[in-house]
$ cat protein12.txt   # compact mmCIF, C-alpha atoms and all ligand atoms
# COMPACT_ATOMS: atom_id res chain seq x y z
CA MET A 1 46.51 57.34 -125.16
CA ALA A 2 43.24 59.08 -124.29
CA LYS A 3 41.59 61.05 -127.11
CA THR A 4 43.04 64.54 -127.44
CA TYR A 5 41.72 67.53 -129.35
CA ASN A 6 43.64 70.31 -131.05
CA PHE A 7 42.04 73.77 -131.14
CA SER A 8 45.07 75.48 -132.71
CA ALA A 9 44.39 78.52 -134.92
CA GLY A 10 47.16 77.59 -137.32
CA PRO A 11 48.69 75.35 -138.36
CA GLY A 12 45.38 73.78 -137.49
CA VAL A 13 43.80 70.38 -137.18
CA LEU A 14 43.72 68.15 -140.29
CA PRO A 15 41.39 65.20 -140.93
CA ASP A 16 42.55 61.95 -139.26
CA GLU A 17 42.02 60.16 -142.58
CA VAL A 18 44.46 62.50 -144.31
CA ILE A 19 47.15 62.06 -141.64
CA THR A 20 46.78 58.28 -141.95
CA GLN A 21 46.95 58.38 -145.73
CA ILE A 22 50.10 60.51 -145.67
CA LYS A 23 51.69 58.04 -143.26
CA GLN A 24 50.74 55.06 -145.42
CA GLU A 25 51.87 56.59 -148.69
CA PHE A 26 54.98 58.28 -147.45
CA GLU A 27 57.56 55.54 -147.67
CA ARG A 28 59.05 54.54 -150.98
CA ASN A 29 57.90 51.19 -152.28
CA GLU A 30 58.25 49.19 -155.50
CA HIS A 31 55.63 51.37 -157.21
CA THR A 32 56.76 54.82 -156.20
CA HIS A 33 60.51 54.15 -155.79
CA MET A 34 60.77 57.37 -153.82
CA SER A 35 58.71 59.42 -151.39
CA ILE A 36 56.74 62.52 -152.31
CA ILE A 37 59.37 64.84 -150.81
CA GLU A 38 62.04 63.39 -153.10
CA ILE A 39 60.39 63.79 -156.50
CA SER A 40 60.90 66.64 -158.95
CA HIS A 41 58.29 69.34 -159.15
CA ARG A 42 58.64 68.86 -162.92
CA SER A 43 57.78 65.15 -162.74
CA ALA A 44 54.59 63.89 -164.38
CA GLN A 45 53.54 62.57 -160.97
CA PHE A 46 53.67 65.99 -159.34
CA GLN A 47 52.16 67.79 -162.32
CA ALA A 48 49.17 65.48 -162.07
CA ILE A 49 48.78 66.41 -158.39
CA VAL A 50 48.80 70.16 -159.15
CA THR A 51 46.31 69.75 -161.98
CA GLU A 52 44.02 67.68 -159.78
CA ALA A 53 44.26 70.08 -156.83
CA GLU A 54 43.43 73.05 -159.05
CA GLN A 55 40.48 71.21 -160.59
CA LYS A 56 39.08 70.19 -157.21
CA LEU A 57 39.40 73.67 -155.75
CA ARG A 58 37.64 75.10 -158.83
CA GLU A 59 34.79 72.66 -158.36
CA LEU A 60 34.52 73.11 -154.60
CA MET A 61 34.40 76.91 -154.82
CA ALA A 62 32.70 77.13 -158.23
CA ILE A 63 35.58 79.22 -159.59
CA PRO A 64 34.82 80.33 -163.16
CA GLU A 65 37.31 79.98 -166.03
CA ASP A 66 38.08 83.70 -166.06
CA TYR A 67 39.94 83.33 -162.77
CA ALA A 68 43.44 81.85 -162.46
CA VAL A 69 44.16 79.49 -159.56
CA ILE A 70 47.74 79.05 -158.35
CA PHE A 71 49.66 77.57 -155.43
CA LEU A 72 52.46 79.68 -153.99
CA GLN A 73 54.85 79.78 -151.05
CA GLY A 74 55.33 82.57 -148.52
CA GLY A 75 52.06 82.36 -146.58
CA GLY A 76 49.27 84.89 -146.34
CA SER A 77 51.80 87.56 -145.35
CA THR A 78 53.56 87.44 -148.71
CA GLN A 79 50.18 88.07 -150.33
CA PHE A 80 50.02 91.33 -148.35
CA GLU A 81 52.83 92.38 -150.74
CA MET A 82 51.99 90.50 -153.94
CA ILE A 83 48.45 91.86 -154.02
CA PRO A 84 49.42 95.56 -154.02
CA LEU A 85 52.43 94.96 -156.27
CA ASN A 86 50.23 93.32 -158.91
CA PHE A 87 46.96 95.16 -158.46
CA ALA A 88 47.67 98.65 -157.13
CA THR A 89 49.55 99.79 -160.23
CA ASN A 90 47.10 102.36 -161.58
CA GLN A 91 46.05 104.61 -158.69
CA SER A 92 48.71 103.20 -156.31
CA HIS A 93 45.98 103.65 -153.75
CA ILE A 94 44.09 100.98 -151.92
CA ALA A 95 41.14 101.05 -149.52
CA ILE A 96 40.96 98.89 -146.41
CA LEU A 97 38.27 97.94 -143.95
CA ASP A 98 40.14 97.39 -140.70
CA SER A 99 38.36 94.43 -139.13
CA GLY A 100 41.36 93.04 -137.28
CA ASN A 101 45.08 92.56 -136.99
CA PHE A 102 45.57 90.95 -140.41
CA ALA A 103 43.80 93.80 -142.18
CA ALA A 104 46.04 96.30 -140.40
CA LYS A 105 49.12 94.28 -141.41
CA ALA A 106 48.07 94.23 -145.07
CA SER A 107 47.64 97.98 -144.93
CA GLU A 108 51.13 98.49 -143.45
CA ALA A 109 52.72 96.23 -146.06
CA ALA A 110 51.09 98.17 -148.91
CA GLU A 111 52.35 101.45 -147.44
CA MET A 112 55.89 100.10 -147.17
CA LEU A 113 55.75 99.31 -150.88
CA GLY A 114 54.98 102.95 -151.61
CA LYS A 115 51.25 102.51 -152.14
CA GLN A 116 48.77 104.68 -150.33
CA ALA A 117 46.53 102.67 -148.02
CA THR A 118 43.42 104.37 -146.69
CA VAL A 119 41.57 102.79 -143.80
CA LEU A 120 37.94 103.61 -144.61
CA ASN A 121 36.65 102.39 -141.30
CA SER A 122 38.06 100.56 -138.29
CA THR A 123 36.57 98.89 -135.24
CA LYS A 124 39.89 98.72 -133.43
CA GLY A 125 38.57 101.17 -130.81
CA ILE A 126 36.00 98.59 -129.70
CA ASN A 127 38.50 95.70 -129.84
CA TYR A 128 37.10 94.58 -133.19
CA GLN A 129 33.89 93.32 -131.61
CA LYS A 130 31.91 94.66 -134.56
CA LEU A 131 32.57 94.74 -138.29
CA PRO A 132 33.61 98.05 -139.84
CA ILE A 133 30.91 99.30 -142.22
CA LEU A 134 31.75 100.59 -145.68
CA PRO A 135 31.12 104.37 -145.56
CA GLU A 136 28.28 105.58 -147.76
CA HIS A 137 30.49 108.15 -149.48
CA PHE A 138 33.00 105.45 -150.57
CA ASP A 139 34.06 106.12 -154.14
CA PRO A 140 35.69 103.03 -155.68
CA GLU A 141 37.03 105.13 -158.56
CA LEU A 142 39.64 106.61 -156.24
CA TYR A 143 41.21 103.27 -155.38
CA ASP A 144 42.62 100.26 -157.21
CA TYR A 145 40.66 97.95 -154.93
CA LEU A 146 39.10 97.44 -151.52
CA HIS A 147 40.90 94.94 -149.26
CA ILE A 148 38.96 92.91 -146.70
CA VAL A 149 39.69 89.94 -144.44
CA THR A 150 36.69 87.60 -144.59
CA ASN A 151 37.53 85.84 -141.33
CA ASN A 152 39.56 87.64 -138.70
CA THR A 153 41.41 84.75 -137.13
CA ILE A 154 42.58 86.55 -133.99
CA GLU A 155 39.40 88.45 -133.17
CA GLY A 156 36.87 85.83 -134.30
CA ILE A 157 34.80 88.16 -136.49
CA THR A 158 33.66 87.44 -140.04
CA PHE A 159 32.30 89.06 -143.16
CA HIS A 160 29.99 86.21 -144.14
CA GLN A 161 28.67 86.14 -147.70
CA ASP A 162 25.50 87.91 -146.55
CA ASN A 163 27.31 90.79 -144.82
CA LEU A 164 30.08 91.43 -147.37
CA PRO A 165 30.62 95.12 -148.10
CA SER A 166 28.78 96.01 -151.25
CA THR A 167 31.00 97.77 -153.78
CA THR A 168 30.94 98.23 -157.53
CA GLY A 169 34.74 98.45 -157.47
CA ARG A 170 37.36 95.70 -157.26
CA LEU A 171 37.31 93.59 -154.11
CA VAL A 172 40.23 91.58 -152.67
CA ALA A 173 39.71 89.09 -149.86
CA ASP A 174 42.08 87.41 -147.44
CA MET A 175 40.28 84.10 -146.82
CA SER A 176 43.17 82.44 -144.99
CA SER A 177 41.11 81.13 -142.10
CA ASN A 178 37.71 80.37 -143.59
CA ILE A 179 38.25 79.28 -147.18
CA LEU A 180 36.08 76.17 -147.79
CA ALA A 181 34.51 76.60 -144.33
CA GLU A 182 31.48 78.51 -145.58
CA PRO A 183 30.23 79.41 -149.03
CA TYR A 184 31.31 82.57 -150.83
CA ASP A 185 30.30 83.61 -154.31
CA ILE A 186 33.68 83.97 -155.98
CA ASN A 187 32.17 86.36 -158.52
CA ALA A 188 31.91 88.95 -155.73
CA PHE A 189 35.74 89.10 -155.63
CA ASP A 190 38.52 90.03 -158.03
CA ALA A 191 41.27 88.33 -156.05
CA VAL A 192 41.23 85.91 -153.13
CA PHE A 193 44.13 84.40 -151.24
CA ALA A 194 44.53 81.97 -148.39
CA GLY A 195 47.50 80.54 -146.54
CA GLY A 196 47.12 76.77 -146.44
CA GLN A 197 47.71 75.99 -142.79
CA LYS A 198 44.36 77.06 -141.36
CA ASN A 199 41.85 75.04 -143.30
CA LEU A 200 43.49 73.60 -146.42
CA GLY A 201 46.52 71.60 -145.38
CA PRO A 202 49.96 72.08 -143.89
CA ALA A 203 51.95 75.33 -143.85
CA GLY A 204 54.05 76.05 -146.91
CA VAL A 205 51.38 76.48 -149.55
CA THR A 206 49.20 79.50 -150.26
CA VAL A 207 46.32 79.62 -152.72
CA ALA A 208 45.85 82.70 -154.93
CA ILE A 209 42.76 83.13 -157.11
CA THR A 210 42.94 86.12 -159.43
CA LYS A 211 40.70 87.50 -162.12
CA LYS A 212 42.53 87.21 -165.42
CA ASP A 213 41.25 90.35 -167.14
CA TRP A 214 42.11 92.49 -164.12
CA LEU A 215 45.65 91.13 -164.04
CA ALA A 216 46.01 91.93 -167.74
CA GLN A 217 45.29 95.61 -167.02
CA GLN A 218 48.28 96.03 -164.69
CA ASP A 219 51.70 97.50 -165.32
CA VAL A 220 54.15 95.19 -163.53
CA ARG A 221 57.37 96.24 -165.30
CA HIS A 222 58.94 97.13 -161.96
CA VAL A 223 57.77 94.06 -160.10
CA GLY A 224 60.35 91.31 -159.50
CA PRO A 225 59.78 87.98 -161.25
CA MET A 226 58.83 85.94 -158.17
CA MET A 227 56.29 88.54 -157.09
CA ARG A 228 54.42 88.52 -160.42
CA TYR A 229 51.27 86.40 -160.43
CA GLN A 230 51.46 86.02 -164.18
CA ASN A 231 54.78 84.15 -164.02
CA HIS A 232 53.32 81.58 -161.63
CA ILE A 233 50.14 81.30 -163.70
CA ASP A 234 52.07 80.78 -166.94
CA LYS A 235 54.08 77.95 -165.35
CA GLN A 236 51.05 76.33 -163.64
CA SER A 237 52.45 76.92 -160.10
CA MET A 238 55.86 75.51 -161.09
CA TYR A 239 57.69 78.75 -161.87
CA ASN A 240 60.27 77.83 -159.26
CA THR A 241 60.45 74.73 -157.06
CA SER A 242 56.95 74.18 -155.76
CA PRO A 243 56.22 73.19 -152.14
CA VAL A 244 55.72 69.61 -153.31
CA PHE A 245 54.74 68.03 -150.01
CA SER A 246 52.35 70.81 -148.98
CA ILE A 247 50.51 70.73 -152.30
CA TYR A 248 50.33 66.93 -152.16
CA ALA A 249 48.81 67.12 -148.65
CA LEU A 250 46.44 69.94 -149.70
CA ASN A 251 45.24 67.75 -152.55
CA LEU A 252 44.38 64.99 -150.04
CA VAL A 253 42.47 67.49 -147.89
CA LEU A 254 40.50 68.59 -150.96
CA ASP A 255 39.66 64.92 -151.66
CA TRP A 256 38.41 64.66 -148.09
CA VAL A 257 36.24 67.78 -148.42
CA VAL A 258 34.75 66.45 -151.67
CA ALA A 259 34.06 63.06 -150.04
CA GLN A 260 32.29 64.73 -147.09
CA GLY A 261 29.93 66.59 -149.41
CA GLY A 262 31.81 69.76 -150.32
CA VAL A 263 31.52 73.28 -148.93
CA THR A 264 27.78 72.96 -148.34
CA GLU A 265 28.32 70.08 -145.95
CA MET A 266 31.37 71.73 -144.33
CA HIS A 267 29.26 74.83 -143.74
CA ARG A 268 26.40 72.81 -142.26
CA ARG A 269 28.76 71.09 -139.83
CA ASN A 270 30.60 74.30 -139.00
CA LEU A 271 27.34 76.08 -138.20
CA GLU A 272 26.31 73.21 -135.98
CA LYS A 273 29.64 73.14 -134.11
CA ALA A 274 29.93 76.90 -133.69
CA HIS A 275 26.28 77.43 -132.72
CA LYS A 276 26.55 74.78 -130.03
CA LEU A 277 29.60 76.44 -128.51
CA TYR A 278 28.22 80.01 -128.77
CA ALA A 279 24.90 78.87 -127.29
CA PHE A 280 26.73 77.44 -124.31
CA LEU A 281 28.83 80.59 -123.86
CA ASP A 282 25.80 82.89 -124.19
CA GLN A 283 23.78 81.13 -121.49
CA SER A 284 26.77 81.07 -119.13
CA ASP A 285 27.28 83.75 -116.46
CA PHE A 286 30.97 82.89 -116.28
CA TYR A 287 32.11 83.08 -119.93
CA THR A 288 31.37 85.75 -122.55
CA ALA A 289 31.75 85.69 -126.32
CA PRO A 290 32.16 89.40 -127.11
CA VAL A 291 31.68 89.49 -130.91
CA GLU A 292 28.39 90.82 -132.34
CA THR A 293 26.10 87.90 -133.08
CA ASN A 294 25.62 88.14 -136.85
CA ALA A 295 29.36 88.49 -137.50
CA ARG A 296 30.66 85.72 -135.27
CA SER A 297 33.26 83.47 -136.77
CA LEU A 298 32.43 79.82 -137.39
CA THR A 299 36.09 78.84 -137.44
CA ASN A 300 37.60 80.84 -134.57
CA VAL A 301 35.42 81.16 -131.48
CA VAL A 302 36.78 83.82 -129.14
CA PHE A 303 35.68 84.08 -125.50
CA THR A 304 36.85 85.02 -122.01
CA THR A 305 35.95 84.87 -118.33
CA GLY A 306 36.85 88.55 -118.15
CA ASP A 307 40.05 87.79 -116.22
CA LEU A 308 42.98 87.10 -118.54
CA THR A 309 45.15 85.50 -115.86
CA ARG A 310 42.36 83.11 -114.95
CA ASP A 311 41.77 82.35 -118.65
CA LYS A 312 45.41 81.37 -119.00
CA MET A 313 45.24 79.04 -116.02
CA ILE A 314 42.10 77.40 -117.35
CA ALA A 315 43.65 76.91 -120.81
CA LYS A 316 46.67 75.31 -119.13
CA ARG A 317 44.47 72.98 -117.16
CA ALA A 318 42.54 72.06 -120.33
CA GLU A 319 45.78 70.60 -121.69
CA SER A 320 45.99 68.14 -118.85
CA GLU A 321 42.52 66.97 -119.92
CA GLY A 322 43.49 66.53 -123.57
CA LEU A 323 42.22 69.88 -124.92
CA PHE A 324 45.13 71.68 -126.54
CA ASN A 325 45.81 75.20 -127.84
CA LEU A 326 42.84 77.07 -126.39
CA ASN A 327 44.81 80.23 -125.63
CA GLY A 328 43.77 83.35 -127.47
CA HIS A 329 46.32 85.03 -129.74
CA ARG A 330 49.23 86.43 -127.71
CA SER A 331 48.14 89.98 -128.64
CA VAL A 332 44.66 89.66 -127.06
CA GLY A 333 44.69 86.79 -124.53
CA GLY A 334 41.49 85.02 -123.45
CA PHE A 335 40.38 81.84 -125.20
CA ARG A 336 40.14 80.93 -128.85
CA ALA A 337 38.72 77.60 -129.97
CA SER A 338 39.43 77.03 -133.64
CA LEU A 339 36.79 74.84 -135.25
CA TYR A 340 38.13 74.32 -138.74
CA ASN A 341 36.61 71.83 -141.18
CA ALA A 342 38.50 68.90 -139.72
CA GLN A 343 37.36 69.65 -136.15
CA SER A 344 34.80 67.14 -134.92
CA MET A 345 31.60 67.70 -132.95
CA ALA A 346 33.18 65.39 -130.35
CA ALA A 347 35.87 68.05 -129.82
CA VAL A 348 33.22 70.72 -129.24
CA ASP A 349 31.33 68.46 -126.84
CA ALA A 350 34.52 67.69 -124.89
CA LEU A 351 35.30 71.41 -124.70
CA ILE A 352 31.82 72.31 -123.44
CA THR A 353 31.95 69.54 -120.83
CA PHE A 354 35.29 70.88 -119.60
CA LEU A 355 34.15 74.52 -119.54
CA LYS A 356 30.98 73.56 -117.62
CA LYS A 357 33.01 71.69 -115.04
CA VAL A 358 35.32 74.67 -114.51
CA GLU A 359 32.35 77.03 -114.23
CA LYS A 360 30.67 74.84 -111.61
CA GLU A 361 33.79 74.85 -109.46
CA GLN A 362 33.85 78.65 -109.44
CA VAL A 363 30.39 79.23 -107.99
C1 LIG A 401 47.29 83.34 -140.53
C2 LIG A 401 46.77 84.45 -141.33
C3 LIG A 401 47.60 85.27 -142.10
C4 LIG A 401 49.10 85.13 -142.11
O1 LIG A 401 49.47 83.93 -142.65
P1 LIG A 401 51.00 83.48 -142.72
O2 LIG A 401 50.90 82.23 -143.49
O3 LIG A 401 51.48 83.29 -141.31
O4 LIG A 401 51.76 84.53 -143.42
C5 LIG A 401 47.02 86.26 -142.86
N1 LIG A 401 45.69 86.47 -142.83
C6 LIG A 401 44.86 85.72 -142.09
C7 LIG A 401 43.39 86.00 -142.10
C8 LIG A 401 45.37 84.68 -141.31
O5 LIG A 401 44.54 83.93 -140.56
$ encode --input "protein12.txt" --output "structure tokens"
Amino acid sequence: MAKTYNFSAGPGVLPDEVITQIKQEFERNEHTHMSIIEISHRSAQFQAIVTEAEQKLRELMAIPEDYAVIFLQGGGSTQFEMIPLNFATNQSHIAILDSGNFAAKASEAAEMLGKQATVLNSTKGINYQKLPILPEHFDPELYDYLHIVTNNTIEGITFHQDNLPSTTGRLVADMSSNILAEPYDINAFDAVFAGGQKNLGPAGVTVAITKKDWLAQQDVRHVGPMMRYQNHIDKQSMYNTSPVFSIYALNLVLDWVVAQGGVTEMHRRNLEKAHKLYAFLDQSDFYTAPVETNARSLTNVVFTTGDLTRDKMIAKRAESEGLFNLNGHRSVGGFRASLYNAQSMAAVDALITFLKKVEKEQV
């Protein structure tokens, strides 16, 4: 089989080494007696995996002791509800910077739970090609927290560490699609969450990092047991049956990130991959990458030929040449090349070669 590349936005590409290791370790043998999907989440074997995964994530992201780290189910979308249920208990009012579809969804979820969600600024009117700026008159006292999405997976636009909104109030970040892809100072945030399937492992596990003293200030008497962070923290992510396989696989991905050189090295590679692709797109007369330069995503590169029907045909043809999942999100069309940590430079080179060939044929 010729080499193929997967540019899926999620579930996304995982390291070849991790896929091989899972395959090798999966079957029961005389040492394990059973496979990972057959063991109890209360077994010593699984507890060791959770402890290890938490430790590695703490080291990779330099998460201080005053934050709790837990592994949950339900994806990023369930965090759109858990976050307001646990943290919007004082003012019942949250502030949002609408930088894309997943910010808007978090806002809607909070409203449905009876919280007030105020969109401070939105760039929807310009198709999210720029980041919304925090208004100067923003008063954090009026809100429980400000919610942002660091990397907007669909639109390909990012609040990097150096363009994070500056607030003295509490800050919550959805890092689903760029956690461990570039460095963030965790001290800038009071809660961070990320669905696993973009950059951490398979679907089925979600990471939540929450500041302990902030959690202690909340009144969660009317929050159901599964939706309370504290229950999951107290039981070290084993409050109910944990997603055993997904956490096991996530732990292997963390090992891989550590072995490559951690977030610093991931960031270096991601910059190199993304810059190469954006540089090609920017010099081309055929393709355009519409997002403002300093906010471009390293993990989701969005571009178009300006003709959505043609884009679709080109993405289809790419498949026949071994380049899969280049379609933009169904809500926006165009192209999206996801370059998560496990994506190789070879994939980017193959993509550029293909795009060049198509461009040549057009002129
Ligand atoms: C994918 C994604 C989500 C939703 O994740 P699910 O696991 O499908 O619920 C939320 N936020 C961001 C930034 C995402 O990329």
$ closest_atom_pairs --input "protein12.txt" --of "chain A" --to "ligand LIG 401 (chain A)" --cutoff "9 Å" --atoms "all atoms listed in the file" --output "tab-separated table"
residue	atom	partner	partner_atom	distance
A:Ala9	CA	A:LIG401	O5	7.8
A:Gly10	CA	A:LIG401	C1	6.6
A:Pro11	CA	A:LIG401	C1	8.4
A:Gln73	CA	A:LIG401	O2	8.9
A:Gly74	CA	A:LIG401	O4	6.5
A:Gly75	CA	A:LIG401	O2	3.3
A:Gly76	CA	A:LIG401	O1	3.8
A:Ser77	CA	A:LIG401	O4	3.6
A:Thr78	CA	A:LIG401	O4	6.3
A:Gln79	CA	A:LIG401	O4	7.9
A:Phe80	CA	A:LIG401	C5	8.1
A:Gly100	CA	A:LIG401	C7	8.8
A:Asn101	CA	A:LIG401	N1	8.5
A:Phe102	CA	A:LIG401	N1	5.1
A:Ala103	CA	A:LIG401	N1	7.6
A:Lys105	CA	A:LIG401	C5	8.4
A:Ala106	CA	A:LIG401	C5	8.3
A:Val149	CA	A:LIG401	C7	5.9
A:Thr150	CA	A:LIG401	C7	7.3
A:Asn151	CA	A:LIG401	C7	5.9
A:Asn152	CA	A:LIG401	C7	5.4
A:Thr153	CA	A:LIG401	O5	4.7
A:Ile154	CA	A:LIG401	O5	7.3
A:Asp174	CA	A:LIG401	C7	5.7
A:Met175	CA	A:LIG401	C7	6.0
A:Ser176	CA	A:LIG401	C7	4.6
A:Ser177	CA	A:LIG401	O5	4.7
A:Asn178	CA	A:LIG401	C7	8.1
A:Phe193	CA	A:LIG401	N1	8.8
A:Ala194	CA	A:LIG401	N1	7.2
A:Gly195	CA	A:LIG401	O2	4.9
A:Gly196	CA	A:LIG401	O2	7.3
A:Gln197	CA	A:LIG401	O2	7.0
A:Lys198	CA	A:LIG401	O5	6.9
A:Ala203	CA	A:LIG401	O2	7.0
A:Gly204	CA	A:LIG401	O2	7.7
A:Val205	CA	A:LIG401	O2	8.4
A:Thr206	CA	A:LIG401	O2	7.5
$ write_last_selection --input "protein12.txt" --atoms "C-alpha atoms" --output "compact mmCIF listing (two decimals), in the coordinates of the input"
# COMPACT_ATOMS: atom_id res chain seq x y z
CA ALA A 9 44.39 78.52 -134.92
CA GLY A 10 47.16 77.59 -137.32
CA PRO A 11 48.69 75.35 -138.36
CA GLN A 73 54.85 79.78 -151.05
CA GLY A 74 55.33 82.57 -148.52
CA GLY A 75 52.06 82.36 -146.58
CA GLY A 76 49.27 84.89 -146.34
CA SER A 77 51.80 87.56 -145.35
CA THR A 78 53.56 87.44 -148.71
CA GLN A 79 50.18 88.07 -150.33
CA PHE A 80 50.02 91.33 -148.35
CA GLY A 100 41.36 93.04 -137.28
CA ASN A 101 45.08 92.56 -136.99
CA PHE A 102 45.57 90.95 -140.41
CA ALA A 103 43.80 93.80 -142.18
CA LYS A 105 49.12 94.28 -141.41
CA ALA A 106 48.07 94.23 -145.07
CA VAL A 149 39.69 89.94 -144.44
CA THR A 150 36.69 87.60 -144.59
CA ASN A 151 37.53 85.84 -141.33
CA ASN A 152 39.56 87.64 -138.70
CA THR A 153 41.41 84.75 -137.13
CA ILE A 154 42.58 86.55 -133.99
CA ASP A 174 42.08 87.41 -147.44
CA MET A 175 40.28 84.10 -146.82
CA SER A 176 43.17 82.44 -144.99
CA SER A 177 41.11 81.13 -142.10
CA ASN A 178 37.71 80.37 -143.59
CA PHE A 193 44.13 84.40 -151.24
CA ALA A 194 44.53 81.97 -148.39
CA GLY A 195 47.50 80.54 -146.54
CA GLY A 196 47.12 76.77 -146.44
CA GLN A 197 47.71 75.99 -142.79
CA LYS A 198 44.36 77.06 -141.36
CA ALA A 203 51.95 75.33 -143.85
CA GLY A 204 54.05 76.05 -146.91
CA VAL A 205 51.38 76.48 -149.55
CA THR A 206 49.20 79.50 -150.26
$ atom_distance --input "protein12.txt" --atom1 "CA of Leu277 in chain A" --atom2 "CA of Glu359 in chain A"
14.6 Å
$ atom_distance --input "protein12.txt" --atom1 "CA of Arg42 in chain A" --atom2 "CA of Asn251 in chain A"
17.0 Å
$ axis_aligned_box --input "protein12.txt" --around "range 43-52 of chain A" --padding-each-side "6 Å" --output "JSON"
{"center_x": 50.9, "center_y": 66.4, "center_z": -161.4, "size_x": 25.8, "size_y": 19.6, "size_z": 18.0}
$ residues_near_point --input "protein12.txt" --point "(29.5, 76.0, -144.5)" --cutoff "8 Å" --atoms "all atoms listed in the file" --output "ChimeraX atom specification"
/A:180-183,263-271
$ closest_residue --input "protein12.txt" --among "A:Ala2, A:Val358, A:Val50, A:Leu339" --to "Asn199 in chain A" --atoms "all atoms listed in the file"
A:Leu339
$ closest_residue --input "protein12.txt" --among "A:Leu323, A:Leu164, A:Ala53, A:Ala68" --to "Tyr184 in chain A" --atoms "all atoms listed in the file"
A:Leu164
$ closest_atom_pairs --input "protein12.txt" --of "range 60-99 of chain A" --to "range 124-142 of chain A" --cutoff "10 Å" --atoms "all atoms listed in the file" --output "CSV"
residue,atom,partner,partner_atom,distance
A:Gln91,CA,A:Leu142,CA,7.1
A:Ser92,CA,A:Leu142,CA,9.7
A:His93,CA,A:Leu142,CA,7.4
A:Ile94,CA,A:Leu142,CA,8.4
A:Ala95,CA,A:Pro140,CA,8.5
A:Ile96,CA,A:Leu134,CA,9.4
A:Leu97,CA,A:Pro132,CA,6.2
A:Asp98,CA,A:Pro132,CA,6.6
A:Ser99,CA,A:Leu131,CA,5.9
$ closest_residue --input "protein12.txt" --among "A:Tyr143, A:Phe87, A:Phe46, A:Tyr67" --to "Met227 in chain A" --atoms "all atoms listed in the file"
A:Phe87
$ atom_distance --input "protein12.txt" --atom1 "CA of Val244 in chain A" --atom2 "CA of Ile36 in chain A"
7.2 Å
$ closest_residue --input "protein12.txt" --among "A:Arg170, A:Arg28, A:Arg336, A:Lys212" --to "Pro64 in chain A" --atoms "all atoms listed in the file"
A:Lys212
$ residues_near_point --input "protein12.txt" --point "(36.9, 96.4, -152.7)" --cutoff "6 Å" --atoms "all atoms listed in the file" --output "compact mmCIF listing (two decimals) with C-alpha atoms, in the coordinates of the input"
# COMPACT_ATOMS: atom_id res chain seq x y z
CA TYR A 145 40.66 97.95 -154.93
CA LEU A 146 39.10 97.44 -151.52
CA HIS A 147 40.90 94.94 -149.26
CA GLY A 169 34.74 98.45 -157.47
CA ARG A 170 37.36 95.70 -157.26
CA LEU A 171 37.31 93.59 -154.11
CA VAL A 172 40.23 91.58 -152.67
$ closest_residue --input "protein12.txt" --among "A:Glu38, A:Asp190, A:Glu155, A:Asp285" --to "Phe335 in chain A" --atoms "all atoms listed in the file"
A:Glu155
$ decode --input "protein12.txt" --residues "range 225-236 of chain A" --atoms "N, CA and C atoms" --output "PDB file, in the first residue's frame"
ATOM      1  N   PRO A 225     -24.604  14.675  40.501  1.00  0.00           N
ATOM      2  CA  PRO A 225     -23.311  14.107  40.923  1.00  0.00           C
ATOM      3  C   PRO A 225     -22.296  13.921  39.791  1.00  0.00           C
ATOM      4  N   MET A 226     -22.764  13.472  38.621  1.00  0.00           N
ATOM      5  CA  MET A 226     -21.813  13.240  37.520  1.00  0.00           C
ATOM      6  C   MET A 226     -21.268  14.543  36.946  1.00  0.00           C
ATOM      7  N   MET A 227     -22.011  15.623  37.136  1.00  0.00           N
ATOM      8  CA  MET A 227     -21.591  16.902  36.556  1.00  0.00           C
ATOM      9  C   MET A 227     -20.692  17.696  37.504  1.00  0.00           C
ATOM     10  N   ARG A 228     -20.456  17.173  38.704  1.00  0.00           N
ATOM     11  CA  ARG A 228     -19.599  17.901  39.663  1.00  0.00           C
ATOM     12  C   ARG A 228     -18.132  17.508  39.490  1.00  0.00           C
ATOM     13  N   TYR A 229     -17.292  18.492  39.202  1.00  0.00           N
ATOM     14  CA  TYR A 229     -15.858  18.195  39.090  1.00  0.00           C
ATOM     15  C   TYR A 229     -15.326  17.548  40.366  1.00  0.00           C
ATOM     16  N   GLN A 230     -15.783  18.062  41.513  1.00  0.00           N
ATOM     17  CA  GLN A 230     -15.188  17.609  42.763  1.00  0.00           C
ATOM     18  C   GLN A 230     -15.340  16.097  42.967  1.00  0.00           C
ATOM     19  N   ASN A 231     -16.470  15.542  42.532  1.00  0.00           N
ATOM     20  CA  ASN A 231     -16.659  14.090  42.674  1.00  0.00           C
ATOM     21  C   ASN A 231     -15.601  13.313  41.896  1.00  0.00           C
ATOM     22  N   HIS A 232     -15.327  13.787  40.677  1.00  0.00           N
ATOM     23  CA  HIS A 232     -14.336  13.095  39.837  1.00  0.00           C
ATOM     24  C   HIS A 232     -12.926  13.303  40.389  1.00  0.00           C
ATOM     25  N   ILE A 233     -12.695  14.475  40.957  1.00  0.00           N
ATOM     26  CA  ILE A 233     -11.369  14.755  41.535  1.00  0.00           C
ATOM     27  C   ILE A 233     -11.154  13.865  42.766  1.00  0.00           C
ATOM     28  N   ASP A 234     -12.177  13.801  43.623  1.00  0.00           N
ATOM     29  CA  ASP A 234     -12.045  12.999  44.848  1.00  0.00           C
ATOM     30  C   ASP A 234     -11.759  11.528  44.544  1.00  0.00           C
ATOM     31  N   LYS A 235     -12.299  11.035  43.439  1.00  0.00           N
ATOM     32  CA  LYS A 235     -12.140   9.614  43.093  1.00  0.00           C
ATOM     33  C   LYS A 235     -11.059   9.405  42.027  1.00  0.00           C
ATOM     34  N   GLN A 236     -10.199  10.377  41.850  1.00  0.00           N
ATOM     35  CA  GLN A 236      -9.066  10.298  40.904  1.00  0.00           C
ATOM     36  C   GLN A 236      -9.501   9.772  39.530  1.00  0.00           C
TER      37      GLN A 236
END
